[in-house]
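query_18.pdb, holding PDB, C-alpha atoms:
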```
ATOM      1  CA  MET R   1     -23.526  97.826 -76.509
ATOM      2  CA  ASN R   2     -26.015  94.949 -76.311
ATOM      3  CA  ALA R   3     -28.359  94.052 -79.158
ATOM      4  CA  ARG R   4     -31.436  95.546 -77.485
ATOM      5  CA  VAL R   5     -29.836  98.948 -76.919
ATOM      6  CA  ARG R   6     -28.528  98.905 -80.477
ATOM      7  CA  LEU R   7     -32.014  98.135 -81.793
ATOM      8  CA  VAL R   8     -33.565 100.974 -79.788
ATOM      9  CA  LEU R   9     -30.897 103.401 -81.005
ATOM     10  CA  ILE R  10     -31.312 102.399 -84.636
ATOM     11  CA  SER R  11     -35.101 102.577 -84.364
ATOM     12  CA  THR R  12     -34.893 106.033 -82.808
ATOM     13  CA  LEU R  13     -32.591 107.259 -85.570
ATOM     14  CA  LEU R  14     -34.857 105.837 -88.247
ATOM     15  CA  VAL R  15     -37.969 107.422 -86.753
ATOM     16  CA  THR R  16     -36.170 110.754 -86.379
ATOM     17  CA  GLY R  17     -34.977 110.581 -89.973
ATOM     18  CA  VAL R  18     -38.479 109.816 -91.227
ATOM     19  CA  LEU R  19     -39.954 112.685 -89.216
ATOM     20  CA  ILE R  20     -37.360 115.114 -90.571
ATOM     21  CA  LEU R  21     -38.009 113.923 -94.135
ATOM     22  CA  VAL R  22     -41.772 114.283 -93.691
ATOM     23  CA  GLY R  23     -41.356 117.725 -92.142
ATOM     24  CA  ALA R  24     -39.016 118.900 -94.908
ATOM     25  CA  THR R  25     -41.432 117.653 -97.568
ATOM     26  CA  TYR R  26     -44.322 119.389 -95.807
ATOM     27  CA  GLN R  27     -42.279 122.590 -95.617
ATOM     28  CA  GLY R  28     -41.306 122.456 -99.299
ATOM     29  CA  VAL R  29     -44.831 121.853-100.571
ATOM     30  CA  ALA R  30     -46.365 124.513 -98.310
ATOM     31  CA  THR R  31     -43.739 127.101 -99.284
ATOM     32  CA  ALA R  32     -44.298 126.441-102.998
ATOM     33  CA  LEU R  33     -48.045 126.943-102.538
ATOM     34  CA  GLU R  34     -47.495 130.143-100.541
ATOM     35  CA  ARG R  35     -45.264 131.625-103.232
ATOM     36  CA  ARG R  36     -48.214 131.452-105.619
ATOM     37  CA  ARG R  37     -50.790 132.436-103.012
ATOM     38  CA  TYR R  38     -48.983 135.534-101.783
ATOM     39  CA  PRO R  39     -47.402 137.450-104.689
ATOM     40  CA  HIS R  40     -45.855 140.795-103.785
ATOM     41  CA  PRO R  41     -48.511 143.548-103.705
ATOM     42  CA  GLY R  42     -46.119 146.355-104.662
ATOM     43  CA  GLN R  43     -43.121 146.571-106.954
ATOM     44  CA  LEU R  44     -39.539 145.316-106.881
ATOM     45  CA  VAL R  45     -37.032 148.133-107.365
ATOM     46  CA  ASP R  46     -33.301 147.807-108.023
ATOM     47  CA  VAL R  47     -31.145 149.556-105.416
ATOM     48  CA  GLY R  48     -27.777 148.536-106.809
ATOM     49  CA  GLY R  49     -27.343 144.822-107.358
ATOM     50  CA  HIS R  50     -30.509 143.608-105.657
ATOM     51  CA  GLN R  51     -34.194 144.476-105.552
ATOM     52  CA  LEU R  52     -36.281 145.719-102.645
ATOM     53  CA  HIS R  53     -40.048 145.464-102.403
ATOM     54  CA  ILE R  54     -42.051 148.647-101.851
ATOM     55  CA  HIS R  55     -45.836 148.931-101.575
ATOM     56  CA  CYS R  56     -47.513 152.355-101.758
ATOM     57  CA  LEU R  57     -51.151 153.386-101.291
ATOM     58  CA  GLY R  58     -53.020 156.685-101.395
ATOM     59  CA  GLN R  59     -52.193 160.114-102.762
ATOM     60  CA  GLY R  60     -50.860 163.349-101.333
ATOM     61  CA  LEU R  61     -47.831 164.879 -99.658
ATOM     62  CA  PRO R  62     -45.846 164.401 -97.575
ATOM     63  CA  VAL R  63     -45.269 160.742 -98.357
ATOM     64  CA  VAL R  64     -45.259 158.551 -95.242
ATOM     65  CA  VAL R  65     -42.674 155.753 -95.084
ATOM     66  CA  LEU R  66     -43.191 152.826 -92.713
ATOM     67  CA  GLU R  67     -40.219 150.969 -91.185
ATOM     68  CA  ALA R  68     -41.112 147.542 -89.780
ATOM     69  CA  PRO R  69     -39.841 146.018 -86.497
ATOM     70  CA  ALA R  70     -37.029 143.490 -86.228
ATOM     71  CA  ALA R  71     -37.692 140.353 -88.294
ATOM     72  CA  GLY R  72     -40.811 142.104 -89.621
ATOM     73  CA  MET R  73     -41.959 143.112 -93.076
ATOM     74  CA  SER R  74     -44.316 145.399 -94.956
ATOM     75  CA  ALA R  75     -47.408 143.347 -94.112
ATOM     76  CA  ALA R  76     -46.852 144.154 -90.406
ATOM     77  CA  TRP R  77     -48.567 147.506 -91.147
ATOM     78  CA  GLY R  78     -51.823 145.763 -92.101
ATOM     79  CA  TRP R  79     -53.964 147.907 -89.788
ATOM     80  CA  VAL R  80     -52.084 151.171 -90.233
ATOM     81  CA  GLN R  81     -51.239 151.562 -93.913
ATOM     82  CA  PRO R  82     -54.786 151.484 -95.367
ATOM     83  CA  ASP R  83     -55.978 154.016 -92.783
ATOM     84  CA  VAL R  84     -53.088 156.443 -93.351
ATOM     85  CA  ALA R  85     -53.711 156.133 -97.110
ATOM     86  CA  GLN R  86     -57.022 157.935 -96.609
ATOM     87  CA  THR R  87     -55.015 161.067 -95.720
ATOM     88  CA  THR R  88     -51.829 160.895 -97.810
ATOM     89  CA  ARG R  89     -49.570 158.591 -99.778
ATOM     90  CA  VAL R  90     -47.987 155.919 -97.591
ATOM     91  CA  CYS R  91     -45.330 153.333 -98.466
ATOM     92  CA  SER R  92     -44.282 150.212 -96.598
ATOM     93  CA  TYR R  93     -41.301 148.166 -97.716
ATOM     94  CA  ASP R  94     -39.222 145.096 -96.912
ATOM     95  CA  ARG R  95     -35.626 145.503 -95.813
ATOM     96  CA  ALA R  96     -33.025 143.495 -97.737
ATOM     97  CA  GLY R  97     -33.505 139.763 -97.283
ATOM     98  CA  LEU R  98     -36.880 140.108 -95.549
ATOM     99  CA  GLY R  99     -40.298 139.539 -97.050
ATOM    100  CA  TRP R 100     -40.280 139.864-100.824
ATOM    101  CA  SER R 101     -36.950 141.767-100.949
ATOM    102  CA  GLU R 102     -33.695 140.246-102.162
ATOM    103  CA  ALA R 103     -30.800 140.021 -99.716
ATOM    104  CA  GLY R 104     -28.001 141.092-102.034
ATOM    105  CA  ASP R 105     -24.408 139.882-101.871
ATOM    106  CA  ARG R 106     -23.030 142.107 -99.096
ATOM    107  CA  PRO R 107     -23.158 141.073 -95.412
ATOM    108  CA  TYR R 108     -25.870 142.651 -93.312
ATOM    109  CA  ASP R 109     -24.965 146.080 -91.919
ATOM    110  CA  PRO R 110     -27.548 148.070 -89.906
ATOM    111  CA  GLY R 111     -25.885 151.311 -90.969
ATOM    112  CA  ARG R 112     -26.726 150.563 -94.597
ATOM    113  CA  VAL R 113     -30.478 150.212 -93.997
ATOM    114  CA  PRO R 114     -31.214 153.978 -94.295
ATOM    115  CA  GLU R 115     -28.965 154.185 -97.362
ATOM    116  CA  GLU R 116     -30.898 151.447 -99.134
ATOM    117  CA  LEU R 117     -34.215 152.984 -98.110
ATOM    118  CA  HIS R 118     -33.147 156.352 -99.503
ATOM    119  CA  ALA R 119     -32.054 154.709-102.768
ATOM    120  CA  LEU R 120     -35.328 152.768-102.913
ATOM    121  CA  LEU R 121     -37.512 155.854-102.493
ATOM    122  CA  ALA R 122     -35.566 157.720-105.169
ATOM    123  CA  ALA R 123     -35.690 154.813-107.634
ATOM    124  CA  ALA R 124     -39.412 154.303-106.945
ATOM    125  CA  LYS R 125     -39.944 158.030-107.664
ATOM    126  CA  GLN R 126     -41.526 158.782-104.291
ATOM    127  CA  PRO R 127     -40.887 162.494-103.595
ATOM    128  CA  GLY R 128     -39.543 163.765-100.285
ATOM    129  CA  PRO R 129     -39.283 165.089 -97.729
ATOM    130  CA  TYR R 130     -40.866 162.136 -95.929
ATOM    131  CA  VAL R 131     -42.657 161.481 -92.683
ATOM    132  CA  LEU R 132     -41.034 158.275 -91.409
ATOM    133  CA  ALA R 133     -42.680 155.966 -88.889
ATOM    134  CA  GLY R 134     -40.649 153.187 -87.266
ATOM    135  CA  TYR R 135     -41.803 150.469 -84.909
ATOM    136  CA  SER R 136     -39.428 149.162 -82.197
ATOM    137  CA  LEU R 137     -36.116 148.487 -83.982
ATOM    138  CA  GLY R 138     -37.572 150.319 -86.973
ATOM    139  CA  ALA R 139     -37.580 153.488 -84.847
ATOM    140  CA  SER R 140     -33.776 153.299 -84.661
ATOM    141  CA  PHE R 141     -33.553 153.010 -88.428
ATOM    142  CA  VAL R 142     -35.747 156.075 -89.055
ATOM    143  CA  ARG R 143     -33.774 158.094 -86.491
ATOM    144  CA  ARG R 144     -30.625 157.264 -88.436
ATOM    145  CA  PHE R 145     -32.346 158.173 -91.713
ATOM    146  CA  ALA R 146     -33.374 161.576 -90.329
ATOM    147  CA  SER R 147     -29.799 162.250 -89.240
ATOM    148  CA  VAL R 148     -28.141 161.236 -92.517
ATOM    149  CA  TYR R 149     -30.835 162.588 -94.839
ATOM    150  CA  SER R 150     -32.177 165.536 -92.892
ATOM    151  CA  PRO R 151     -33.286 167.545 -95.979
ATOM    152  CA  ASP R 152     -35.445 164.574 -96.986
ATOM    153  CA  THR R 153     -37.090 164.183 -93.573
ATOM    154  CA  ALA R 154     -40.305 166.039 -92.769
ATOM    155  CA  GLY R 155     -41.160 164.308 -89.492
ATOM    156  CA  LEU R 156     -40.755 161.189 -87.379
ATOM    157  CA  VAL R 157     -43.171 158.891 -85.573
ATOM    158  CA  LEU R 158     -41.399 156.605 -83.091
ATOM    159  CA  ILE R 159     -43.557 153.667 -82.045
ATOM    160  CA  ALA R 160     -42.715 151.444 -79.066
ATOM    161  CA  GLU R 161     -39.128 152.620 -79.399
ATOM    162  CA  SER R 162     -37.994 151.279 -76.033
ATOM    163  CA  SER R 163     -39.574 147.841 -76.464
ATOM    164  CA  ASN R 164     -37.665 144.590 -76.996
ATOM    165  CA  PRO R 165     -36.004 144.850 -80.442
ATOM    166  CA  GLY R 166     -37.049 141.387 -81.557
ATOM    167  CA  PRO R 167     -37.312 137.655 -80.898
ATOM    168  CA  ASN R 168     -34.748 135.808 -78.805
ATOM    169  CA  PRO R 169     -31.477 135.898 -80.803
ATOM    170  CA  ARG R 170     -30.440 132.372 -79.829
ATOM    171  CA  PHE R 171     -33.741 130.881 -80.880
ATOM    172  CA  LEU R 172     -33.816 132.927 -84.070
ATOM    173  CA  ALA R 173     -30.318 131.680 -84.960
ATOM    174  CA  VAL R 174     -31.586 128.081 -85.178
ATOM    175  CA  SER R 175     -34.977 129.014 -86.603
ATOM    176  CA  PRO R 176     -33.970 128.583 -90.293
ATOM    177  CA  TRP R 177     -33.109 124.947 -89.574
ATOM    178  CA  LEU R 178     -36.343 124.450 -87.653
ATOM    179  CA  ALA R 179     -38.186 125.989 -90.587
ATOM    180  CA  ARG R 180     -36.529 123.628 -93.072
ATOM    181  CA  ALA R 181     -37.693 120.677 -90.999
ATOM    182  CA  GLY R 182     -41.243 122.044 -90.851
ATOM    183  CA  VAL R 183     -41.130 122.474 -87.061
ATOM    184  CA  LEU R 184     -41.997 126.191 -87.043
ATOM    185  CA  ARG R 185     -44.852 125.682 -89.467
ATOM    186  CA  ALA R 186     -46.267 122.851 -87.386
ATOM    187  CA  THR R 187     -45.996 124.663 -84.038
ATOM    188  CA  GLY R 188     -46.515 128.318 -85.043
ATOM    189  CA  VAL R 189     -44.122 129.308 -82.265
ATOM    190  CA  LEU R 190     -42.854 132.410 -84.113
ATOM    191  CA  SER R 191     -45.918 133.395 -86.076
ATOM    192  CA  GLU R 192     -48.635 133.181 -83.438
ATOM    193  CA  SER R 193     -47.810 136.652 -82.076
ATOM    194  CA  TRP R 194     -48.948 138.253 -85.348
ATOM    195  CA  GLU R 195     -52.433 136.760 -85.370
ATOM    196  CA  GLY R 196     -53.973 140.079 -84.285
ATOM    197  CA  LEU R 197     -53.333 141.620 -87.706
ATOM    198  CA  PRO R 198     -56.059 141.692 -90.378
ATOM    199  CA  PRO R 199     -56.421 138.115 -91.696
ATOM    200  CA  ALA R 200     -54.773 138.783 -95.073
ATOM    201  CA  ALA R 201     -51.759 140.507 -93.487
ATOM    202  CA  SER R 202     -51.508 137.912 -90.719
ATOM    203  CA  ASP R 203     -51.427 135.086 -93.264
ATOM    204  CA  VAL R 204     -48.593 136.760 -95.175
ATOM    205  CA  VAL R 205     -46.475 137.444 -92.076
ATOM    206  CA  ARG R 206     -47.050 133.917 -90.833
ATOM    207  CA  ALA R 207     -45.954 132.480 -94.189
ATOM    208  CA  PHE R 208     -42.669 134.398 -94.186
ATOM    209  CA  LEU R 209     -41.943 133.520 -90.560
ATOM    210  CA  HIS R 210     -41.890 129.919 -91.744
ATOM    211  CA  ARG R 211     -39.384 130.658 -94.540
ATOM    212  CA  PRO R 212     -35.658 129.870 -93.981
ATOM    213  CA  ASP R 213     -34.485 132.715 -96.261
ATOM    214  CA  HIS R 214     -36.493 135.336 -94.357
ATOM    215  CA  LEU R 215     -35.431 133.909 -91.009
ATOM    216  CA  THR R 216     -31.744 133.804 -91.949
ATOM    217  CA  ARG R 217     -31.666 137.561 -92.562
ATOM    218  CA  ALA R 218     -33.972 138.184 -89.581
ATOM    219  CA  SER R 219     -31.493 136.338 -87.359
ATOM    220  CA  ARG R 220     -28.614 138.551 -88.506
ATOM    221  CA  GLU R 221     -30.731 141.654 -87.994
ATOM    222  CA  VAL R 222     -31.647 140.736 -84.428
ATOM    223  CA  GLU R 223     -28.078 139.635 -83.685
ATOM    224  CA  ARG R 224     -26.889 143.154 -84.520
ATOM    225  CA  SER R 225     -29.865 144.993 -83.061
ATOM    226  CA  ASP R 226     -27.652 146.619 -80.405
ATOM    227  CA  ASP R 227     -25.617 148.240 -83.174
ATOM    228  CA  ALA R 228     -28.769 149.542 -84.850
ATOM    229  CA  VAL R 229     -30.105 150.928 -81.565
ATOM    230  CA  ARG R 230     -26.771 152.642 -80.891
ATOM    231  CA  LEU R 231     -26.773 154.256 -84.339
ATOM    232  CA  GLY R 232     -30.296 155.506 -83.743
ATOM    233  CA  HIS R 233     -29.484 156.782 -80.268
ATOM    234  CA  ASP R 234     -26.420 158.654 -81.520
ATOM    235  CA  ALA R 235     -28.290 160.203 -84.456
ATOM    236  CA  ARG R 236     -28.540 163.993 -84.434
ATOM    237  CA  LEU R 237     -32.052 164.969 -85.425
ATOM    238  CA  PRO R 238     -32.573 168.210 -87.379
ATOM    239  CA  ALA R 239     -33.564 171.221 -85.299
ATOM    240  CA  GLY R 240     -37.289 171.860 -85.359
ATOM    241  CA  LEU R 241     -38.155 168.423 -86.727
ATOM    242  CA  VAL R 242     -41.663 167.297 -85.759
ATOM    243  CA  VAL R 243     -41.302 164.105 -83.708
ATOM    244  CA  SER R 244     -44.172 162.121 -82.227
ATOM    245  CA  THR R 245     -43.801 159.127 -79.905
ATOM    246  CA  VAL R 246     -46.462 156.545 -79.212
ATOM    247  CA  SER R 247     -46.566 153.278 -77.294
ATOM    248  CA  ALA R 248     -48.721 150.789 -79.154
ATOM    249  CA  ASN R 249     -48.888 147.276 -80.578
ATOM    250  CA  LEU R 250     -49.283 147.022 -84.360
ATOM    251  CA  ASN R 251     -51.094 143.707 -83.979
ATOM    252  CA  ASP R 252     -53.953 145.209 -81.992
ATOM    253  CA  GLU R 253     -56.576 147.072 -84.042
ATOM    254  CA  GLN R 254     -57.420 149.599 -81.337
ATOM    255  CA  GLU R 255     -53.787 150.361 -80.536
ATOM    256  CA  ALA R 256     -52.948 150.560 -84.244
ATOM    257  CA  ARG R 257     -55.489 153.373 -84.521
ATOM    258  CA  ARG R 258     -53.335 155.386 -82.101
ATOM    259  CA  VAL R 259     -50.402 154.850 -84.428
ATOM    260  CA  THR R 260     -52.473 156.041 -87.384
ATOM    261  CA  ALA R 261     -53.570 159.110 -85.433
ATOM    262  CA  ALA R 262     -49.963 159.956 -84.533
ATOM    263  CA  ILE R 263     -48.815 159.625 -88.145
ATOM    264  CA  VAL R 264     -51.713 161.694 -89.482
ATOM    265  CA  GLY R 265     -51.009 164.306 -86.797
ATOM    266  CA  VAL R 266     -47.405 164.713 -87.999
ATOM    267  CA  VAL R 267     -48.581 164.849 -91.628
ATOM    268  CA  LYS R 268     -51.036 167.636 -90.829
ATOM    269  CA  ALA R 269     -48.440 169.496 -88.786
ATOM    270  CA  ARG R 270     -46.078 169.357 -91.743
ATOM    271  CA  ARG R 271     -48.786 170.580 -94.086
ATOM    272  CA  GLY R 272     -49.628 173.388 -91.681
ATOM    273  CA  SER R 273     -46.020 174.551 -91.458
ATOM    274  CA  ARG R 274     -45.697 174.582 -95.233
ATOM    275  CA  SER R 275     -48.914 176.590 -95.590
ATOM    276  CA  ALA R 276     -47.687 179.071 -92.999
ATOM    277  CA  ALA R 277     -44.369 179.411 -94.814
ATOM    278  CA  ARG R 278     -46.142 180.101 -98.098
ATOM    279  CA  GLY R 279     -48.306 182.727 -96.350
ATOM    280  CA  LEU R 280     -45.214 184.630 -95.227
ATOM    281  CA  ARG R 281     -43.868 184.945 -98.736
TER     282      ARG R 281
END
```

Let me see the file written as structure tokens.
Amino acid sequence: MNARVRLVLISTLLVTGVLILVGATYQGVATALERRRYPHPGQLVDVGGHQLHIHCLGQGLPVVVLEAPAAGMSAAWGWVQPDVAQTTRVCSYDRAGLGWSEAGDRPYDPGRVPEELHALLAAAKQPGPYVLAGYSLGASFVRRFASVYSPDTAGLVLIAESSNPGPNPRFLAVSPWLARAGVLRATGVLSESWEGLPPAASDVVRAFLHRPDHLTRASREVERSDDAVRLGHDARLPAGLVVSTVSANLNDEQEARRVTAAIVGVVKARRGSRSAARGLR
């Protein structure tokens, strides 16, 4: 290797090292600021060794529970949750390792998601039976919940169930490293798709899609999305359960209104059936 090639190689390595150091510093400072800027809006509840974040609004029964899409979090329901809260109580939450929730010590298992949700709702003292709404991969999780906990399920709303379950698994696998170097924050390649949410919710989702801890669990979730979809597909739903399906994008205000209407429709149907049952007594 001649001296000129060696000089170019060394210079390239030095520049790359400086860029990585600058990016990592940028990432660290921005993350520290975001931790103070975006405290969790709900409460952290112990579900057996780790805490999950749950955020509830409104009053009334049945309680609506919102299950976010792959790599998503509670803030993804920025258009829907406040509107549903005008009709009944509605809770969004963050699955283990996503958003404000702790990951816990056990490896990720899609079959455990409904178990942890059930434990969370009980510990947070949110009474069932619930109307559960799941978006994309979240629809598979609520199907599984309805099968395992049928007495605690009042209805289902399946949103964009057949859509792509999440970001590209290969890209998501390297995304924590890109986040640590500040690349994702600088380019917005993952977070730009959520810009249609209300500004406050969009800012929160964007912040967590730049966080290595969130992205590490998101990568495992997407990697095993086929298992989650299979569990949902194989789930036996209770006979007579009210199920509504809707194709919509949570990031679009107009389409999110269709989601709200579907959820409220199931809530009212549940209330109507309970009133009819009381009238027959």

Given the file shown, enumerate the residues that the PyMOL selection byres ((chain R and resi 96) around 12) captures and present them as number ranges by chain. R: 44-54, 71-74, 93-95, 97-110, 112-117, 120, 213-218, 220-221

Just-selected residues, C-alpha atoms written as a PDB file, in the coordinates of the input:
```pdb
ATOM      1  CA  LEU R  44     -39.539 145.316-106.881  1.00  0.00           C
ATOM      2  CA  VAL R  45     -37.032 148.133-107.365  1.00  0.00           C
ATOM      3  CA  ASP R  46     -33.301 147.807-108.023  1.00  0.00           C
ATOM      4  CA  VAL R  47     -31.145 149.556-105.416  1.00  0.00           C
ATOM      5  CA  GLY R  48     -27.777 148.536-106.809  1.00  0.00           C
ATOM      6  CA  GLY R  49     -27.343 144.822-107.358  1.00  0.00           C
ATOM      7  CA  HIS R  50     -30.509 143.608-105.657  1.00  0.00           C
ATOM      8  CA  GLN R  51     -34.194 144.476-105.552  1.00  0.00           C
ATOM      9  CA  LEU R  52     -36.281 145.719-102.645  1.00  0.00           C
ATOM     10  CA  HIS R  53     -40.048 145.464-102.403  1.00  0.00           C
ATOM     11  CA  ILE R  54     -42.051 148.647-101.851  1.00  0.00           C
ATOM     12  CA  ALA R  71     -37.692 140.353 -88.294  1.00  0.00           C
ATOM     13  CA  GLY R  72     -40.811 142.104 -89.621  1.00  0.00           C
ATOM     14  CA  MET R  73     -41.959 143.112 -93.076  1.00  0.00           C
ATOM     15  CA  SER R  74     -44.316 145.399 -94.956  1.00  0.00           C
ATOM     16  CA  TYR R  93     -41.301 148.166 -97.716  1.00  0.00           C
ATOM     17  CA  ASP R  94     -39.222 145.096 -96.912  1.00  0.00           C
ATOM     18  CA  ARG R  95     -35.626 145.503 -95.813  1.00  0.00           C
ATOM     19  CA  GLY R  97     -33.505 139.763 -97.283  1.00  0.00           C
ATOM     20  CA  LEU R  98     -36.880 140.108 -95.549  1.00  0.00           C
ATOM     21  CA  GLY R  99     -40.298 139.539 -97.050  1.00  0.00           C
ATOM     22  CA  TRP R 100     -40.280 139.864-100.824  1.00  0.00           C
ATOM     23  CA  SER R 101     -36.950 141.767-100.949  1.00  0.00           C
ATOM     24  CA  GLU R 102     -33.695 140.246-102.162  1.00  0.00           C
ATOM     25  CA  ALA R 103     -30.800 140.021 -99.716  1.00  0.00           C
ATOM     26  CA  GLY R 104     -28.001 141.092-102.034  1.00  0.00           C
ATOM     27  CA  ASP R 105     -24.408 139.882-101.871  1.00  0.00           C
ATOM     28  CA  ARG R 106     -23.030 142.107 -99.096  1.00  0.00           C
ATOM     29  CA  PRO R 107     -23.158 141.073 -95.412  1.00  0.00           C
ATOM     30  CA  TYR R 108     -25.870 142.651 -93.312  1.00  0.00           C
ATOM     31  CA  ASP R 109     -24.965 146.080 -91.919  1.00  0.00           C
ATOM     32  CA  PRO R 110     -27.548 148.070 -89.906  1.00  0.00           C
ATOM     33  CA  ARG R 112     -26.726 150.563 -94.597  1.00  0.00           C
ATOM     34  CA  VAL R 113     -30.478 150.212 -93.997  1.00  0.00           C
ATOM     35  CA  PRO R 114     -31.214 153.978 -94.295  1.00  0.00           C
ATOM     36  CA  GLU R 115     -28.965 154.185 -97.362  1.00  0.00           C
ATOM     37  CA  GLU R 116     -30.898 151.447 -99.134  1.00  0.00           C
ATOM     38  CA  LEU R 117     -34.215 152.984 -98.110  1.00  0.00           C
ATOM     39  CA  LEU R 120     -35.328 152.768-102.913  1.00  0.00           C
ATOM     40  CA  ASP R 213     -34.485 132.715 -96.261  1.00  0.00           C
ATOM     41  CA  HIS R 214     -36.493 135.336 -94.357  1.00  0.00           C
ATOM     42  CA  LEU R 215     -35.431 133.909 -91.009  1.00  0.00           C
ATOM     43  CA  THR R 216     -31.744 133.804 -91.949  1.00  0.00           C
ATOM     44  CA  ARG R 217     -31.666 137.561 -92.562  1.00  0.00           C
ATOM     45  CA  ALA R 218     -33.972 138.184 -89.581  1.00  0.00           C
ATOM     46  CA  ARG R 220     -28.614 138.551 -88.506  1.00  0.00           C
ATOM     47  CA  GLU R 221     -30.731 141.654 -87.994  1.00  0.00           C
TER      48      GLU R 221
END
```

Take the PyMOL selection byres ((chain R and resi 137) around 10), apply it to the structure above, and return the hits as number ranges by chain. R: 67-72, 134-136, 138-142, 158-166, 221-222, 225-226, 228-229, 232

Residue among R:Ala123, R:Val90, R:Val246, R:Leu190 lying closest to Arg258 in chain R, counting only C-alpha atoms: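 The closest residue to Arg258 in chain R is R:Val246.
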
Which distance in Å separates CA of Pro62 in chain R and CA of Ala119 in chain R, to one decimal? 17.6 Å

Counting only C-alpha atoms, the option among R:Gly58, R:Ala154, R:Gln86, R:Val64 closest to Gly272 in chain R: R:Ala154

With a distance cut-off of 12 Å and only C-alpha atoms, select the neighbouring residues of Pro199 in chain R, excluding the residue or stretch itself and same-chain residues fewer than 6 positions from it, and output the selection as a ChimeraX atom specification. /R:75-76,78-79,205-206,251,253

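Those DNA, RNA and protein residues that approach the point (-48.9, 138.4, -89.3) to within 7 Å, considering all atoms listed in the file, are Ala76, Ser191, Trp194, Glu195, Leu197, Ala201, Ser202, Asp203, Val204, Val205 and Arg206 of chain R.
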
What separation in Å, quoted to one decimal, exists between CA of Val80 in chain R and CA of Thr187 in chain R?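 Those two atoms sit 27.9 Å apart.
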
So how far away is CA of Ala173 in chain R from CA of Val65 in chain R, in Å? 28.9 Å

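For the set R:Ala235, R:Thr245, R:Asp152, R:Ser175, the residue with the smallest atom-to-atom gap to Ala261 in chain R is R:Thr245, counting only C-alpha atoms.
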